[in-house]
$ cat entry_1.txt   # compact mmCIF, C-alpha atoms
# COMPACT_ATOMS: atom_id res chain seq x y z
CA MET A 378 118.95 131.57 153.81
CA LYS A 379 122.59 131.87 154.91
CA GLU A 380 121.76 130.61 158.41
CA LYS A 381 119.68 127.74 157.00
CA VAL A 382 122.51 126.63 154.69
CA LEU A 383 125.02 126.85 157.56
CA LYS A 384 122.74 124.85 159.85
CA ASN A 385 122.30 122.13 157.20
CA LEU A 386 126.05 121.97 156.64
CA GLN A 387 126.63 121.66 160.37
CA THR A 388 124.10 118.83 160.57
CA PHE A 389 125.85 117.07 157.70
CA ALA A 390 129.23 117.61 159.38
CA LYS A 391 127.92 115.92 162.53
CA GLY A 392 126.53 113.08 160.46
CA ILE A 393 129.75 112.40 158.56
CA PHE A 394 131.64 112.37 161.86
CA VAL A 395 129.97 109.03 162.73
CA PRO A 396 131.79 106.94 160.09
CA VAL A 397 134.92 109.10 160.33
CA LEU A 398 135.11 108.36 164.06
CA ILE A 399 135.46 104.60 163.49
CA LEU A 400 138.09 104.75 160.74
CA PRO A 401 141.03 105.75 162.99
CA ILE A 402 140.39 102.51 164.89
CA VAL A 403 140.84 100.68 161.59
CA GLY A 404 144.19 102.43 161.22
CA ILE A 405 145.31 101.36 164.68
CA LEU A 406 144.33 97.75 163.91
CA PHE A 407 146.37 97.97 160.71
CA ALA A 408 149.30 99.14 162.84
CA PHE A 409 148.96 96.06 165.05
CA ALA A 410 148.79 93.86 161.97
CA SER A 411 152.00 95.41 160.63
CA ILE A 412 153.74 94.77 163.97
CA PHE A 413 152.93 91.05 163.77
CA THR A 414 154.01 90.77 160.11
CA ASN A 415 156.94 93.22 160.04
CA SER A 416 160.29 91.41 159.82
CA ARG A 417 162.05 94.43 161.37
CA VAL A 418 160.00 94.09 164.52
CA TYR A 419 161.25 90.52 164.96
CA ASN A 420 164.76 91.84 165.63
CA LEU A 421 163.41 93.77 168.62
CA ILE A 422 160.78 91.26 169.76
CA PRO A 423 162.02 87.81 168.65
CA PHE A 424 159.12 85.80 170.08
CA LEU A 425 156.77 87.44 167.53
CA ASN A 426 158.64 85.61 164.77
CA ASN A 427 156.50 82.49 164.79
CA GLY A 428 153.63 81.18 162.73
CA VAL A 429 150.88 81.98 165.22
CA PHE A 430 151.60 85.71 165.42
CA ILE A 431 152.54 86.03 161.75
CA ASN A 432 149.36 84.35 160.55
CA PHE A 433 147.25 86.35 162.99
CA GLY A 434 148.79 89.57 161.63
CA LYS A 435 148.07 88.49 158.05
CA ILE A 436 144.46 87.65 158.88
CA LEU A 437 143.95 90.92 160.75
CA GLY A 438 145.52 93.08 158.04
CA GLN A 439 143.85 91.41 155.07
CA SER A 440 140.44 91.34 156.78
CA LEU A 441 140.57 95.12 157.15
CA ILE A 442 141.52 95.88 153.53
CA PRO A 443 137.91 95.66 152.24
CA ILE A 444 136.80 98.30 154.77
CA ILE A 445 139.06 100.96 153.26
CA GLY A 446 138.51 99.72 149.73
CA THR A 447 135.42 97.83 148.69
CA TYR A 448 133.09 98.62 151.59
CA LEU A 449 133.97 102.22 152.43
CA GLY A 450 130.83 103.41 150.64
CA ILE A 451 128.59 101.19 152.78
CA LEU A 452 130.25 102.51 155.93
CA PHE A 453 129.49 106.10 154.98
CA THR A 454 125.95 105.33 153.82
CA VAL A 455 125.02 103.71 157.12
CA GLY A 456 127.12 106.04 159.28
CA ILE A 457 125.71 109.26 157.84
CA ALA A 458 122.16 107.91 158.01
CA ILE A 459 122.66 107.13 161.71
CA GLY A 460 124.27 110.49 162.38
CA MET A 461 121.56 112.54 160.65
CA ALA A 462 118.47 110.53 161.60
CA LYS A 463 116.44 112.46 164.17
CA LYS A 464 114.83 109.36 165.67
CA GLU A 465 114.67 105.58 165.25
CA LYS A 466 118.35 105.51 164.28
CA HIS A 467 118.42 101.71 164.23
CA TYR A 468 115.79 101.66 161.48
CA ALA A 469 117.74 104.30 159.60
CA ALA A 470 120.84 102.10 159.70
CA LEU A 471 118.98 99.02 158.43
CA VAL A 472 117.24 100.90 155.63
CA ALA A 473 120.50 102.60 154.64
CA MET A 474 122.20 99.24 154.16
CA LEU A 475 119.26 97.88 152.14
CA SER A 476 119.16 101.03 150.03
CA TYR A 477 122.84 100.63 149.20
CA PHE A 478 122.17 97.08 147.97
CA VAL A 479 119.19 98.22 145.88
CA PHE A 480 121.27 100.99 144.32
CA ILE A 481 124.26 98.89 143.22
CA HIS A 482 122.11 96.06 141.86
CA SER A 483 119.83 98.51 140.05
CA MET A 484 122.87 100.17 138.46
CA ASN A 485 124.32 96.80 137.43
CA VAL A 486 121.07 95.66 135.79
CA TYR A 487 120.63 99.00 134.00
CA MET A 488 124.24 98.91 132.76
CA GLY A 489 123.51 95.46 131.34
CA ILE A 490 120.41 96.77 129.57
CA GLN A 491 122.50 99.61 128.10
CA ASN A 492 125.34 97.24 127.12
CA LEU A 493 127.76 99.10 129.39
CA ILE A 494 129.17 96.05 131.16
CA LEU A 495 132.89 95.66 130.40
CA PRO A 496 135.04 92.52 130.32
CA LEU A 497 137.04 92.12 133.55
CA SER A 498 140.28 92.58 131.61
CA GLU A 499 139.21 96.13 130.66
CA LEU A 500 138.13 97.34 134.10
CA ARG A 501 141.35 99.11 135.12
CA GLY A 502 141.13 102.82 134.32
CA SER A 503 137.61 102.44 132.89
CA GLY A 504 135.74 104.14 135.74
CA HIS A 505 133.97 100.86 136.51
CA THR A 506 134.53 98.64 139.53
CA ILE A 507 133.39 95.34 141.03
CA MET A 508 131.27 95.80 144.13
CA MET A 509 130.07 92.69 145.96
CA GLY A 510 130.61 90.60 142.86
CA ILE A 511 128.79 92.88 140.41
CA GLN A 512 130.05 95.60 138.08
CA ILE A 513 128.98 99.22 138.63
CA ILE A 514 130.21 102.74 137.91
CA ASP A 515 132.92 103.53 140.46
CA MET A 516 131.60 106.41 142.59
CA GLY A 517 133.89 105.71 145.54
CA ILE A 518 133.14 107.32 148.87
CA PHE A 519 130.90 109.91 147.19
CA LEU A 520 128.28 107.22 146.63
CA GLY A 521 128.20 106.51 150.36
CA ILE A 522 127.90 110.20 151.19
CA ALA A 523 125.12 110.80 148.66
CA LEU A 524 123.10 107.75 149.68
CA GLY A 525 123.56 108.52 153.38
CA LEU A 526 122.16 112.03 152.88
CA ILE A 527 119.20 110.79 150.84
CA VAL A 528 118.37 107.99 153.28
CA ALA A 529 118.52 110.39 156.23
CA TYR A 530 116.25 112.90 154.48
CA VAL A 531 113.63 110.33 153.47
CA HIS A 532 113.81 108.64 156.87
CA ASN A 533 113.22 111.90 158.76
CA LYS A 534 110.37 112.85 156.43
CA PHE A 535 108.40 109.59 156.45
CA ILE A 536 109.30 107.73 159.67
CA ASP A 537 106.28 109.14 161.52
CA VAL A 538 103.81 108.78 158.65
CA GLU A 539 101.02 106.36 159.52
CA LEU A 540 98.78 104.88 156.84
CA LYS A 541 95.17 103.93 157.45
CA GLY A 542 93.10 100.84 156.88
CA ALA A 543 94.65 97.87 155.10
CA LEU A 544 97.77 99.91 154.33
CA GLN A 545 98.50 100.55 158.00
CA ILE A 546 101.19 97.87 158.08
CA TYR A 547 103.17 99.76 155.42
CA GLY A 548 103.63 102.93 157.44
CA GLY A 549 106.68 104.20 159.33
CA SER A 550 109.97 102.46 158.59
CA ARG A 551 108.36 100.26 155.90
CA LEU A 552 107.15 103.32 154.04
CA VAL A 553 110.66 104.76 154.28
CA PHE A 554 112.08 101.70 152.54
CA ILE A 555 109.35 101.68 149.88
CA VAL A 556 110.08 105.32 148.99
CA LEU A 557 113.83 104.72 149.05
CA SER A 558 113.59 101.64 146.82
CA PHE A 559 112.08 103.64 143.97
CA THR A 560 114.44 106.53 144.72
CA MET A 561 117.50 104.26 144.55
CA ILE A 562 116.43 102.79 141.19
CA LEU A 563 115.93 106.25 139.69
CA LEU A 564 119.18 107.51 141.19
CA ALA A 565 121.10 104.49 139.86
CA ILE A 566 119.85 105.13 136.32
CA ILE A 567 120.71 108.84 136.48
CA SER A 568 124.11 108.21 138.08
CA THR A 569 125.11 105.79 135.35
CA HIS A 570 125.05 108.64 132.83
CA ILE A 571 125.87 111.62 135.04
CA TRP A 572 128.64 110.33 137.30
CA PRO A 573 131.36 109.98 134.63
CA ILE A 574 130.98 113.72 133.98
CA VAL A 575 131.07 114.51 137.72
CA GLN A 576 134.11 112.25 138.17
CA HIS A 577 135.95 114.11 135.43
CA GLY A 578 135.30 117.37 137.31
CA ILE A 579 136.51 115.85 140.59
CA ASN A 580 139.68 114.55 138.94
CA THR A 581 140.33 117.97 137.44
CA LEU A 582 139.85 119.64 140.83
CA SER A 583 142.12 117.14 142.60
CA ILE A 584 144.82 117.77 139.98
CA PHE A 585 144.41 121.51 140.55
CA ILE A 586 144.75 121.11 144.32
CA GLU A 587 147.89 119.03 143.88
CA SER A 588 149.33 121.50 141.39
CA THR A 589 148.93 124.42 143.80
CA GLY A 590 151.66 122.88 145.94
CA VAL A 591 152.28 124.54 149.29
CA PHE A 592 149.40 126.99 148.82
CA GLY A 593 146.90 124.13 148.61
CA ILE A 594 148.45 122.43 151.62
CA PHE A 595 148.38 125.64 153.67
CA THR A 596 144.75 126.26 152.72
CA TYR A 597 143.84 122.75 153.84
CA GLY A 598 145.62 123.14 157.19
CA PHE A 599 144.17 126.62 157.74
CA LEU A 600 140.58 125.59 156.96
CA ASP A 601 140.89 122.46 159.10
CA ARG A 602 141.41 124.67 162.17
CA ILE A 603 139.53 127.88 161.36
CA LEU A 604 136.27 126.01 160.71
CA ILE A 605 136.26 124.28 164.10
CA PRO A 606 133.78 126.77 165.68
CA THR A 607 131.21 125.93 162.99
CA GLY A 608 131.93 122.19 163.02
CA LEU A 609 132.49 122.31 159.26
CA HIS A 610 136.07 121.10 159.61
CA HIS A 611 134.53 117.62 159.59
CA LEU A 612 133.80 118.27 155.91
CA ILE A 613 137.41 119.18 155.13
CA TYR A 614 139.73 116.44 156.34
CA PRO A 615 137.62 113.36 155.43
CA THR A 616 137.65 114.55 151.82
CA PHE A 617 141.44 114.35 151.72
CA LEU A 618 141.75 111.25 153.88
CA TYR A 619 139.24 109.06 152.04
CA THR A 620 138.83 110.40 148.46
CA ASN A 621 141.14 111.08 145.54
CA PHE A 622 141.48 114.71 146.68
CA GLY A 623 144.11 113.25 148.99
CA GLY A 624 145.78 111.34 146.16
CA SER A 625 145.41 107.93 144.54
CA GLU A 626 147.92 105.11 144.53
CA MET A 627 148.20 101.56 143.25
CA VAL A 628 149.14 99.43 146.27
CA GLU A 629 150.13 95.78 146.22
CA VAL A 630 147.91 93.75 148.55
CA ILE A 631 147.08 90.09 148.98
CA GLN A 632 143.71 88.89 147.69
CA ASN A 633 142.72 85.24 147.61
CA GLY A 634 146.28 84.33 148.52
CA GLU A 635 147.79 86.25 145.58
CA LYS A 636 149.49 89.64 145.36
CA VAL A 637 147.49 92.07 143.23
CA SER A 638 147.70 95.82 142.62
CA VAL A 639 144.62 97.69 143.87
CA LEU A 640 143.82 101.39 143.49
CA PHE A 641 143.31 103.18 146.82
CA GLU A 642 142.18 106.78 147.15
CA GLY A 643 142.82 109.17 150.03
CA ALA A 644 145.88 109.64 152.24
CA ARG A 645 144.63 107.46 155.12
CA ASN A 646 143.49 104.64 152.86
CA ILE A 647 146.80 104.59 150.98
CA TYR A 648 148.78 104.49 154.22
CA ASN A 649 146.65 101.73 155.73
CA ALA A 650 146.83 99.65 152.55
CA GLN A 651 150.62 99.84 152.63
CA LEU A 652 150.64 98.82 156.29
CA SER A 653 148.78 95.66 155.35
CA ASN A 654 151.80 94.51 153.34
CA ILE A 655 154.55 96.56 154.95
CA ASP A 656 157.44 94.18 154.21
CA SER A 657 157.05 94.85 150.48
CA VAL A 658 157.26 98.64 150.97
CA THR A 659 160.75 100.16 151.01
CA ARG A 660 159.38 103.65 151.58
CA LEU A 661 155.82 104.85 151.78
CA THR A 662 154.91 105.78 148.23
CA LYS A 663 152.57 108.65 148.98
CA SER A 664 153.09 111.70 151.15
CA VAL A 665 150.51 111.67 153.94
CA VAL A 666 150.64 115.39 154.65
CA TRP A 667 146.84 115.42 154.57
CA ASP A 668 146.92 113.22 157.65
CA ALA A 669 149.44 115.29 159.64
CA ARG A 670 146.82 117.18 161.64
CA GLY A 671 148.09 115.71 164.90
CA ILE A 672 151.44 117.53 164.80
CA THR A 673 149.76 120.63 166.20
CA LYS A 674 147.86 118.58 168.77
CA ILE A 675 150.93 116.80 170.13
CA PHE A 676 153.56 119.53 169.82
CA GLY A 677 152.45 122.94 168.58
CA LEU A 678 149.83 123.79 171.18
CA TRP A 679 152.44 123.38 173.92
CA GLY A 680 153.77 126.79 172.86
CA ALA A 681 150.31 128.34 173.07
CA VAL A 682 149.69 126.83 176.50
CA PHE A 683 153.07 127.97 177.82
CA ALA A 684 152.46 131.51 176.55
CA MET A 685 149.07 131.66 178.27
CA TYR A 686 150.59 130.35 181.49
CA GLN A 687 153.47 132.84 181.51
CA THR A 688 151.22 135.80 180.79
CA ALA A 689 148.68 134.88 183.48
CA LYS A 690 148.39 137.09 186.55
CA PRO A 691 150.82 136.01 189.30
CA GLU A 692 148.03 135.15 191.69
CA ASN A 693 146.36 132.94 189.08
CA LYS A 694 149.38 131.04 187.80
CA ILE A 695 148.95 127.92 189.90
CA LYS A 696 145.31 127.47 188.88
CA THR A 697 146.11 128.36 185.27
CA LYS A 698 148.92 125.83 185.16
CA ALA A 699 146.67 123.06 186.53
CA ILE A 700 143.82 123.52 184.06
CA LEU A 701 146.05 124.14 181.04
CA LEU A 702 148.20 121.07 181.72
CA SER A 703 145.15 118.82 182.03
CA ALA A 704 143.76 120.18 178.77
CA MET A 705 147.13 119.72 177.06
CA GLY A 706 147.26 116.15 178.30
CA ALA A 707 144.00 115.39 176.48
CA SER A 708 145.42 116.99 173.34
CA ILE A 709 148.67 115.00 173.42
CA ILE A 710 147.26 111.60 174.31
CA ALA A 711 143.98 111.56 172.38
CA GLY A 712 144.17 114.60 170.09
CA VAL A 713 141.28 116.37 171.87
CA THR A 714 142.09 120.06 171.37
CA GLU A 715 138.70 121.70 171.93
CA PRO A 716 139.23 122.71 175.61
CA ILE A 717 142.33 124.70 174.61
CA GLU A 718 141.06 126.04 171.29
CA PHE A 719 137.68 127.20 172.53
CA SER A 720 139.28 128.89 175.51
CA PHE A 721 141.27 131.35 173.44
CA LEU A 722 138.53 131.46 170.78
CA PHE A 723 136.09 132.57 173.49
CA THR A 724 138.34 135.21 175.02
CA ALA A 725 140.52 136.27 172.08
CA PRO A 726 139.40 135.26 168.55
CA ILE A 727 142.55 136.76 167.00
CA LEU A 728 144.55 134.00 168.70
CA PHE A 729 142.38 131.44 166.96
CA VAL A 730 143.19 132.98 163.58
CA ALA A 731 146.90 132.88 164.47
CA HIS A 732 146.43 129.25 165.54
CA ALA A 733 144.93 128.34 162.14
CA VAL A 734 147.72 130.11 160.26
CA ILE A 735 150.50 128.41 162.23
CA ALA A 736 148.82 125.00 161.87
CA GLY A 737 148.63 125.49 158.11
CA LEU A 738 152.30 126.52 157.93
CA GLY A 739 153.25 123.44 159.94
CA MET A 740 151.74 121.22 157.25
CA VAL A 741 153.60 123.18 154.57
CA VAL A 742 156.93 122.43 156.29
CA PHE A 743 155.84 118.81 156.64
CA SER A 744 155.34 118.64 152.87
CA ILE A 745 158.49 120.54 151.87
CA LEU A 746 160.66 118.13 153.89
CA ASP A 747 158.83 115.17 152.30
CA ILE A 748 157.95 113.55 155.63
CA ARG A 749 155.89 110.36 155.23
CA THR A 750 154.71 110.13 158.84
CA ILE A 751 151.04 109.82 159.69
CA ILE A 752 149.86 111.83 162.73
CA PRO A 753 146.06 111.55 162.83
CA ASN A 754 145.39 112.44 166.45
CA GLY A 755 147.45 111.94 169.59
CA VAL A 756 150.72 110.35 170.60
CA ILE A 757 149.27 106.82 170.89
CA ASP A 758 148.28 106.79 167.21
CA PHE A 759 151.61 108.37 166.28
CA LEU A 760 153.68 105.72 168.06
CA LEU A 761 151.68 102.72 166.89
CA MET A 762 151.42 103.77 163.26
CA ASN A 763 154.96 104.96 162.62
CA ILE A 764 157.71 103.53 164.82
CA PRO A 765 157.20 99.87 163.79
CA VAL A 766 157.22 100.94 160.12
CA GLY A 767 160.78 102.25 160.33
CA ILE A 768 162.64 105.55 160.08
CA ASP A 769 163.70 105.05 156.47
CA ARG A 770 160.11 104.49 155.38
CA THR A 771 158.55 107.44 157.22
CA SER A 772 161.28 109.81 158.56
CA TRP A 773 159.23 109.96 161.77
CA PRO A 774 162.00 111.49 163.98
CA MET A 775 161.72 114.67 161.89
CA VAL A 776 158.27 115.15 163.38
CA PHE A 777 159.91 116.11 166.68
CA VAL A 778 162.04 118.75 164.92
CA ILE A 779 159.04 120.24 163.12
CA GLY A 780 156.82 119.96 166.19
CA ILE A 781 159.28 121.69 168.54
CA GLY A 782 159.83 124.41 165.96
CA GLN A 783 156.10 124.90 165.64
CA ALA A 784 155.73 125.09 169.45
CA VAL A 785 158.37 127.85 169.57
CA VAL A 786 156.49 129.82 166.90
CA TYR A 787 153.22 129.37 168.81
CA TYR A 788 154.84 130.61 172.01
CA PHE A 789 156.31 133.83 170.63
CA VAL A 790 153.28 134.70 168.48
CA PHE A 791 150.80 134.06 171.30
CA ARG A 792 152.90 135.82 173.93
CA PHE A 793 153.30 138.88 171.69
CA LEU A 794 149.58 139.11 170.88
CA ILE A 795 148.45 138.48 174.46
CA THR A 796 150.70 141.14 175.98
CA LYS A 797 150.45 143.64 173.12
CA LEU A 798 146.66 143.52 172.90
CA ASN A 799 146.05 142.73 176.58
CA LEU A 800 143.99 139.67 175.68
CA LYS A 801 141.97 138.04 178.46
CA THR A 802 143.24 134.49 178.12
CA PRO A 803 142.85 132.01 181.04
CA GLY A 804 144.45 133.50 184.14
CA ARG A 805 144.17 137.10 182.84
CA GLU A 806 140.41 137.51 183.17
CA ASP A 807 138.94 140.22 185.35
CA GLU A 808 137.01 137.59 187.30
CA LYS A 809 138.82 135.65 190.01
CA GLU A 810 137.75 132.29 188.62
CA VAL A 811 140.15 130.65 186.18
CA LYS A 812 138.52 128.26 183.74
CA LEU A 813 138.57 126.85 180.25
CA TYR A 814 135.67 127.33 177.87
CA SER A 815 133.73 124.85 175.78
CA LYS A 816 131.96 124.94 172.45
CA ALA A 817 128.68 125.40 174.33
CA ASP A 818 130.08 128.53 176.02
CA TYR A 819 131.16 129.87 172.64
CA LYS A 820 127.74 129.26 171.09
CA GLU A 821 126.00 130.89 174.06
CA LYS A 822 128.21 133.94 173.68
CA LYS A 823 127.48 134.21 169.95
CA GLU A 824 123.73 133.92 170.58
CA LYS A 825 123.87 136.73 173.14
CA GLU A 826 125.83 138.92 170.72
CA ALA A 827 123.27 138.24 168.01

$ encode --input "entry_1.txt" --output "structure tokens"
Amino acid sequence: MKEKVLKNLQTFAKGIFVPVLILPIVGILFAFASIFTNSRVYNLIPFLNNGVFINFGKILGQSLIPIIGTYLGILFTVGIAIGMAKKEKHYAALVAMLSYFVFIHSMNVYMGIQNLILPLSELRGSGHTIMMGIQIIDMGIFLGIALGLIVAYVHNKFIDVELKGALQIYGGSRLVFIVLSFTMILLAIISTHIWPIVQHGINTLSIFIESTGVFGIFTYGFLDRILIPTGLHHLIYPTFLYTNFGGSEMVEVIQNGEKVSVLFEGARNIYNAQLSNIDSVTRLTKSVVWDARGITKIFGLWGAVFAMYQTAKPENKIKTKAILLSAMGASIIAGVTEPIEFSFLFTAPILFVAHAVIAGLGMVVFSILDIRTIIPNGVIDFLLMNIPVGIDRTSWPMVFVIGIGQAVVYYFVFRFLITKLNLKTPGREDEKEVKLYSKADYKEKKEKEA
């Protein structure tokens, strides 16, 4: 049972990675929009201060707002369905989108039958929202996750079912949609009554997480790294980046040519929403510590890499240096840390535990100093999303101080453990070959041990 649950969670983690993978691109596009509409940038690049660039920036920024607000649920519904569908993924995507439409319209009609529709003036704080022009219970990103899971399950179960005789035309993908249509109607009716209770529990839990202060932040940072071998870390950070676990904030944005206050949930969404109207923001109004995972990727792991290089056997140092530097380059530029992490996870698991602890502590320092800098992945994201915003709004130079300090801690902790315990990190193996390890190598090793 334990292995089955873990396998299902891993499958879900892979599925949720599909929509999560596209959202950082949205953030980068927001950064470009802020560059074109940021009056501070004009002092450095005067030719941007003209109507063509300014209007383009406004169009780009405002066109992206619905993705992180209104349509985030659709993104996750379709993305998870694609990620978890075993075959015919294109049909899964189409049916997922249609199922989302059936759900929200079914809920709206049922709410009308139950006299639950509220006047527009009473929507704020009511738990209701307007989705595609109709009023429904506001389930946020959780609706997208739930529908994506259900669509994927029904799709995988019925996609190969063939009916006979006159019903033959209704088999396969058509049968999937038929089953899902009735499922969505039933789910919409149930959700109308059940979700307000669930939402109250989520709000209570998010308040608890926030009230735990540095302990909650450390736990988040620790779990984000320690769960990498299982792939379940993909369940941790999206929760804080795109739901109210990562905070909620009223942000002023432009809709239909007018400035209105809109509620955004999740650290990444809040940050991106503020970027869309950056000239009205004197300082980012929400700490984005939940989105500071990249500080370890850009800075901290340098200390680990340097410790492994210095403790390598003399005859292996040149090869060790070459492979570690290439791996570190991928970490710094794109935030790809797996070649480094799985190498010391494979040879010395205790280093991976130390890695998770130090990463968690780095986020704690980030929070204590009230840094408002977003560091989602590598240095490209870091530069684009922070420097144009301004030092006073983000305190981004402090990232270098924290990052260098974290790298020093990594170096001394890793060097001590490697030498004290004689750990076989790259360059210290008994074999002559010096290499990094992958997740596949780690899984193969665990299967052999089992």

$ residues_around --input "entry_1.txt" --residues "Ile442 in chain A" --least-positions-apart "6" --cutoff "12 Å" --atoms "all atoms listed in the file" --output "ChimeraX atom specification"
/A:400,403-404,406-407,410,435-436,448-449,628-632,639-641,646-654

$ residues_around --input "entry_1.txt" --residues "Ile514 in chain A" --least-positions-apart "5" --cutoff "7 Å" --atoms "only C-alpha atoms" --output "number ranges by chain"
A: 504-506, 569

$ atom_distance --input "entry_1.txt" --atom1 "CA of Thr724 in chain A" --atom2 "CA of Glu806 in chain A"
8.7 Å

$ closest_atom_pairs --input "entry_1.txt" --of "range 387-430 of chain A" --to "range 530-539 of chain A" --cutoff "12 Å" --atoms "only C-alpha atoms" --output "Markdown table"
| residue | atom | partner | partner_atom | distance |
| --- | --- | --- | --- | --- |
| A:Thr388 | CA | A:Tyr530 | CA | 11.6 |
| A:Phe389 | CA | A:Tyr530 | CA | 11.0 |
| A:Gly392 | CA | A:Tyr530 | CA | 11.9 |

$ write_last_selection --input "entry_1.txt" --atoms "C-alpha atoms" --output "tab-separated table (two decimals), keeping the file's coordinate frame"
chain	number	residue	atom	x	y	z
A	388	THR	CA	124.10	118.83	160.57
A	389	PHE	CA	125.85	117.07	157.70
A	392	GLY	CA	126.53	113.08	160.46

$ closest_residue --input "entry_1.txt" --among "A:Val786, A:Pro765, A:Ile594, A:Ala469" --to "Leu421 in chain A" --atoms "only C-alpha atoms"
A:Pro765

$ closest_residue --input "entry_1.txt" --among "A:Leu563, A:Ile445, A:Leu678, A:Ile579" --to "Gly643 in chain A" --atoms "all atoms listed in the file"
A:Ile445

$ atom_distance --input "entry_1.txt" --atom1 "CA of Ser588 in chain A" --atom2 "CA of Val730 in chain A"
25.7 Å

$ atom_distance --input "entry_1.txt" --atom1 "CA of Val741 in chain A" --atom2 "CA of Phe599 in chain A"
10.5 Å

$ decode --input "entry_1.txt" --residues "range 520-531 of chain A" --atoms "N, CA, C and O atoms" --output "PDB file, in the first residue's frame"
ATOM      1  N   LEU A 520      -9.402  23.837  -7.962  1.00  0.00           N
ATOM      2  CA  LEU A 520     -10.363  23.325  -8.936  1.00  0.00           C
ATOM      3  C   LEU A 520      -9.623  22.728 -10.119  1.00  0.00           C
ATOM      4  O   LEU A 520      -9.957  21.625 -10.581  1.00  0.00           O
ATOM      5  N   GLY A 521      -8.621  23.444 -10.623  1.00  0.00           N
ATOM      6  CA  GLY A 521      -7.845  22.936 -11.750  1.00  0.00           C
ATOM      7  C   GLY A 521      -7.152  21.624 -11.431  1.00  0.00           C
ATOM      8  O   GLY A 521      -7.131  20.700 -12.251  1.00  0.00           O
ATOM      9  N   ILE A 522      -6.586  21.530 -10.226  1.00  0.00           N
ATOM     10  CA  ILE A 522      -5.894  20.306  -9.817  1.00  0.00           C
ATOM     11  C   ILE A 522      -6.872  19.147  -9.725  1.00  0.00           C
ATOM     12  O   ILE A 522      -6.615  18.046 -10.230  1.00  0.00           O
ATOM     13  N   ALA A 523      -8.016  19.387  -9.075  1.00  0.00           N
ATOM     14  CA  ALA A 523      -9.006  18.324  -8.900  1.00  0.00           C
ATOM     15  C   ALA A 523      -9.551  17.837 -10.236  1.00  0.00           C
ATOM     16  O   ALA A 523      -9.628  16.619 -10.496  1.00  0.00           O
ATOM     17  N   LEU A 524      -9.918  18.778 -11.104  1.00  0.00           N
ATOM     18  CA  LEU A 524     -10.474  18.385 -12.405  1.00  0.00           C
ATOM     19  C   LEU A 524      -9.421  17.696 -13.260  1.00  0.00           C
ATOM     20  O   LEU A 524      -9.726  16.740 -13.984  1.00  0.00           O
ATOM     21  N   GLY A 525      -8.175  18.166 -13.198  1.00  0.00           N
ATOM     22  CA  GLY A 525      -7.110  17.522 -13.963  1.00  0.00           C
ATOM     23  C   GLY A 525      -6.927  16.066 -13.562  1.00  0.00           C
ATOM     24  O   GLY A 525      -6.759  15.180 -14.421  1.00  0.00           O
ATOM     25  N   LEU A 526      -6.961  15.807 -12.258  1.00  0.00           N
ATOM     26  CA  LEU A 526      -6.824  14.433 -11.757  1.00  0.00           C
ATOM     27  C   LEU A 526      -7.987  13.557 -12.216  1.00  0.00           C
ATOM     28  O   LEU A 526      -7.794  12.411 -12.646  1.00  0.00           O
ATOM     29  N   ILE A 527      -9.203  14.096 -12.106  1.00  0.00           N
ATOM     30  CA  ILE A 527     -10.385  13.312 -12.483  1.00  0.00           C
ATOM     31  C   ILE A 527     -10.389  13.034 -13.982  1.00  0.00           C
ATOM     32  O   ILE A 527     -10.656  11.906 -14.420  1.00  0.00           O
ATOM     33  N   VAL A 528     -10.094  14.046 -14.781  1.00  0.00           N
ATOM     34  CA  VAL A 528     -10.056  13.859 -16.235  1.00  0.00           C
ATOM     35  C   VAL A 528      -9.020  12.815 -16.617  1.00  0.00           C
ATOM     36  O   VAL A 528      -9.286  11.928 -17.441  1.00  0.00           O
ATOM     37  N   ALA A 529      -7.834  12.892 -16.004  1.00  0.00           N
ATOM     38  CA  ALA A 529      -6.777  11.927 -16.323  1.00  0.00           C
ATOM     39  C   ALA A 529      -7.201  10.506 -15.959  1.00  0.00           C
ATOM     40  O   ALA A 529      -6.963   9.560 -16.720  1.00  0.00           O
ATOM     41  N   TYR A 530      -7.843  10.356 -14.808  1.00  0.00           N
ATOM     42  CA  TYR A 530      -8.280   9.021 -14.368  1.00  0.00           C
ATOM     43  C   TYR A 530      -9.324   8.441 -15.323  1.00  0.00           C
ATOM     44  O   TYR A 530      -9.211   7.287 -15.773  1.00  0.00           O
ATOM     45  N   VAL A 531     -10.350   9.225 -15.631  1.00  0.00           N
ATOM     46  CA  VAL A 531     -11.409   8.748 -16.521  1.00  0.00           C
ATOM     47  C   VAL A 531     -10.854   8.494 -17.923  1.00  0.00           C
ATOM     48  O   VAL A 531     -11.198   7.497 -18.576  1.00  0.00           O
TER      49      VAL A 531
END
